[in-house]
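Below is one structure, written out as structure tokens; comments come after it.
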Amino acid sequence: MKNNFLKKYQSVYFIGIGGISMSGLAEILKSKGFNVSGTDMKESAETEHLRRIGITVNIGHRAENITDDIQLVIYTAAIKQDNPELIAAKHKNIPAIDRAHLLGMIMEDYAYSVAVAGTHGKTTTTGMVSDILLFAETNPTITVGGILPTIHSNTNIGGEDYFVAEACEYFDSFLQFHPLVGVILNIEADHLDYFKNLENIRASFHKFAQNISSEGTLILNNSIPKLEEITSNIACRYETVGLEGNANWKAQNITHEPDGKNSFNVIYNGNCLGRVHLNIPGDHNITNALSAFAVCYTLSLPTKCIIEGLEQFHGTERRFQKKGEKNGIIVIDDYAHHPTEIKATLSAAKKIHHNTTYCVFQPHTYSRTKALFDSFATAFTDADVIIIADIYAAREKDTGIIHSKQLAEEIARHNQNAIYCGDFEQITNYLKEHCQSGDLLLTVGAGDVYRIGEAFLNE
């Protein structure tokens with residue numbers, strides 16, 4: 001471990017260790033020889049995996065879990081200051097840092113670090129970069145916000161040359177990173193409970209760009225409004241990616257196949273580097289693939305490896321993931337929880353040959369549903385039938401500011417067939433009654449809406 005701060009500690013405790021990012025970081029520290037333990041609120045596949053590799057996991061946050069041998073505490077942004085374990089650590093004068101600080105410190109250990117940021121597409125693009133590096137046998141260390149089928153995990157423990165991380169902007173977390181290569185896929189209004197407005201979000205992404213190593217490169221989408229504000233006063237060089245306009249990286253001769261998949265020529269500064277065949281649908285994923293291509297080309301990987309690595313990428317779990325087929329009805333699940341993501345998902349689905357599109361949407365958090373209400377109301381134009389589930393609260397409490405029924409009514413006002421069904425059993429029964437052979441069923445949202453598709457397939 002090169003980081004001087006982390007060198008001082010051997011026993012590290014994670015509050016919220018079962019989270020998809022925290023569990024990955026715990027595993028990385030374990031591989032580096034640290035004594036790792038932690039706690040979470042409930043058992044999960046992640047907590048079971050951590051125990052299998054020798055990490056002690058407590059269930060339930062209790063002050064007595066913070067024993068005297070613990071030297072450093074890591075906590076997630078979701079942990080409040082009144083958490084009993086965090087309070088106990090402070091009473092014992094045990095240093096405590098958040099997850100983002102730890103990830104930034106770990107990143108410093110690697111010669112070639114990549115951080116993928118953006119309002120949308122982070123997990124998919126991080127997965128693409130990871131699969132390319134894996135195919136090229138660079139032995140990367142990976143931490144991504146979803147399960148990558150290639151490694152059957154969200155984490156890969158590799159060597160100490162290449163490091164790939166998904167970089168989340170929430171709470172300004174990604175400002176703790178100083179990567180060699182940074183990616184900004186897009187910048188839109190989200191997490192307004194923290195940022196308050198788009199201006200603050202753009203300022204945060206600008207700071208992320210300024211943090212990229214002076215010897216490094218920023219890859220960013222040329223469709224980002226007022227791009228010059230994001231690239232001003234940055235120390236690194238930058239290149240742009242886009243389907244239109246004057247971008248360094250472009251896709252030409254795009255072919256949409258009957259199953260929704262895409263193929264295209266990769267053009268870099270006017271030169272064709274080859275043709276890519278993507279195994280995932282959607283125009284947005286063409287842009288994601290161009291960004292991944294640009295990252296790996298910047299890292300001097302052979303073009304042939306980049307193309308073949310992209311072709312072996314089949315997505316990550318919960319990103320336009322085909323869950324199965326029943327009675328001629330295809331069921332697809334997607335993590336989309338922002339209006340732009342929903343539009344992209346439904347646009348991709350439209351290119352797949354089918355009859356009626358049923359879209360079950362579970363809004364994620366009351367604050368996001370309220371803040372983006374008008375945008376949500378017009379995001380479902382490519383769906384034939386929209387079924388709205390109750391809001392997934394996540395970290396929030398229901399204060400009565402918004403209800404899913406209001407969203408369903410607003411979508412219906414835009415001449416769309418939208419209904420509020422509420423609970424999962426009612427929705428599953430509706431789908432069983434109405435879906436027919438040749439239809440496409442999409443479950444959409446960042447909560448547990450995927451359970452509806454699974455129930456539909458299993459009954």
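Each chain in the structure tokens gets a letter, A, B and so on, in the order shown; residues start at 1 in every chain, and ligands are counted from 1 in the order they appear.
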Contacts of region 197-199 of chain A within 12 Å, only C-alpha atoms, excl. fewer than 4 positions in-chain, as number ranges by chain: A: 119, 187-193, 203-206, 225-226, 229-230, 371-372
Could you please write out, as a ChimeraX atom specification, every residue of region 237-355 of chain A that DSSP assigns to alpha helix (DSSP H)? /A:283-298,303-311,339-350
Kindly indicate which residue among A:Ala96, A:Ile427, A:Val183, A:Ala77 lies nearest to Gly19 (chain A), using only C-alpha atoms for the distances.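 Counting only C-alpha atoms, the residue closest to Gly19 (chain A) is A:Ala77.
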Please provide the set of residues having any atom within 10 Å of Ala336 (chain A), restricted to only C-alpha atoms, with same-chain residues fewer than 2 positions apart removed, written as JSON, numbers by chain. {"A": [120, 121, 318, 319, 320, 333, 334, 338, 339, 340, 341, 342, 343, 344, 345, 346, 361, 362, 363, 364, 443, 444, 445, 446, 447]}
Would you write out, as a tab-separated table, a table of all residues in region 289-366 of chain A that have an atom no more than 9 Å from an atom of region 247-254 of chain A, listing for each the closest atom pair and the distance in Å to one decimal, considering only C-alpha atoms and ordering rows by chain and rising residue number?
```
residue	atom	partner	partner_atom	distance
A:Leu290	CA	A:Trp249	CA	6.7
A:Ser291	CA	A:Trp249	CA	8.0
A:Phe293	CA	A:Trp249	CA	8.9
A:Ala294	CA	A:Trp249	CA	7.2
```
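Summary of the local environment: counting only C-alpha atoms, residues at most 6 Å from region 128-142 of chain A, other than itself and those fewer than 2 positions away along its chain, are Thr125, Thr126, Thr155, Asn156, Ile157, Gly158, Gly159, Tyr162, Phe163, Val164, Ala292, Cys305, Ile306 and Gly309 of chain A.
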Selected residues written out with N, CA and C atoms, as a PDB file, in the first residue's frame:
```pdb
ATOM      1  N   THR A 125     -20.491   1.712 -18.896  1.00  0.00           N
ATOM      2  CA  THR A 125     -19.213   2.106 -19.494  1.00  0.00           C
ATOM      3  C   THR A 125     -18.035   1.575 -18.677  1.00  0.00           C
ATOM      4  N   THR A 126     -18.157   1.600 -17.347  1.00  0.00           N
ATOM      5  CA  THR A 126     -17.118   1.013 -16.506  1.00  0.00           C
ATOM      6  C   THR A 126     -16.981  -0.475 -16.815  1.00  0.00           C
ATOM      7  N   THR A 155     -16.489  -6.629  -8.217  1.00  0.00           N
ATOM      8  CA  THR A 155     -15.097  -6.353  -7.867  1.00  0.00           C
ATOM      9  C   THR A 155     -14.178  -7.402  -8.475  1.00  0.00           C
ATOM     10  N   ASN A 156     -13.050  -6.955  -8.974  1.00  0.00           N
ATOM     11  CA  ASN A 156     -12.005  -7.876  -9.415  1.00  0.00           C
ATOM     12  C   ASN A 156     -10.686  -7.464  -8.766  1.00  0.00           C
ATOM     13  N   ILE A 157     -10.051  -8.408  -8.098  1.00  0.00           N
ATOM     14  CA  ILE A 157      -8.760  -8.144  -7.473  1.00  0.00           C
ATOM     15  C   ILE A 157      -7.674  -8.507  -8.487  1.00  0.00           C
ATOM     16  N   GLY A 158      -7.029  -7.495  -9.023  1.00  0.00           N
ATOM     17  CA  GLY A 158      -6.003  -7.727 -10.027  1.00  0.00           C
ATOM     18  C   GLY A 158      -4.639  -7.283  -9.551  1.00  0.00           C
ATOM     19  N   GLY A 159      -3.813  -6.899 -10.495  1.00  0.00           N
ATOM     20  CA  GLY A 159      -2.484  -6.408 -10.172  1.00  0.00           C
ATOM     21  C   GLY A 159      -2.534  -4.953  -9.747  1.00  0.00           C
ATOM     22  N   TYR A 162      -3.367  -1.485 -13.373  1.00  0.00           N
ATOM     23  CA  TYR A 162      -4.611  -0.939 -13.910  1.00  0.00           C
ATOM     24  C   TYR A 162      -5.718  -0.978 -12.854  1.00  0.00           C
ATOM     25  N   PHE A 163      -6.404   0.165 -12.726  1.00  0.00           N
ATOM     26  CA  PHE A 163      -7.516   0.274 -11.782  1.00  0.00           C
ATOM     27  C   PHE A 163      -8.670   0.984 -12.471  1.00  0.00           C
ATOM     28  N   VAL A 164      -9.847   0.377 -12.440  1.00  0.00           N
ATOM     29  CA  VAL A 164     -11.031   0.957 -13.069  1.00  0.00           C
ATOM     30  C   VAL A 164     -12.110   1.138 -12.012  1.00  0.00           C
ATOM     31  N   ALA A 292     -15.584   4.083 -23.953  1.00  0.00           N
ATOM     32  CA  ALA A 292     -14.727   2.984 -23.493  1.00  0.00           C
ATOM     33  C   ALA A 292     -13.579   2.753 -24.458  1.00  0.00           C
ATOM     34  N   CYS A 305      -7.617  -5.682 -29.592  1.00  0.00           N
ATOM     35  CA  CYS A 305      -8.080  -6.081 -28.259  1.00  0.00           C
ATOM     36  C   CYS A 305      -9.287  -5.247 -27.823  1.00  0.00           C
ATOM     37  N   ILE A 306      -9.277  -3.965 -28.148  1.00  0.00           N
ATOM     38  CA  ILE A 306     -10.388  -3.093 -27.763  1.00  0.00           C
ATOM     39  C   ILE A 306     -11.663  -3.541 -28.460  1.00  0.00           C
ATOM     40  N   GLY A 309     -12.691  -6.947 -27.104  1.00  0.00           N
ATOM     41  CA  GLY A 309     -13.150  -6.806 -25.732  1.00  0.00           C
ATOM     42  C   GLY A 309     -14.554  -6.230 -25.658  1.00  0.00           C
TER      43      GLY A 309
END
```
Strand (DSSP E) call set, DSSP backbone run, region 66-103 of chain A, as a PyMOL selection string: chain A and resi 72-75+96-98
6 Å contact set for region 210-224 of chain A, only C-alpha atoms, chain neighbours under 5 positions out, as a list in words: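 In the requested form, the answer reads His178, Pro179, Leu180, Val181, Gly182, Val183, Ile184, Leu185, Asn186, Ile234, Ala235, Cys236, Arg237, Tyr238, Glu239, Thr240, Val241 and Gly242 of chain A.
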Residue nearest Thr123 (chain A) among A:Thr56, A:Asn288, A:Ser232, A:Thr357 (counting only C-alpha atoms): A:Asn288
Exercise: Ala412 (chain A) partners within 12 Å, only C-alpha atoms, chain neighbours under 2 positions left out, as a PyMOL selection string: chain A and resi 376-381+384-388+405-410+414-420
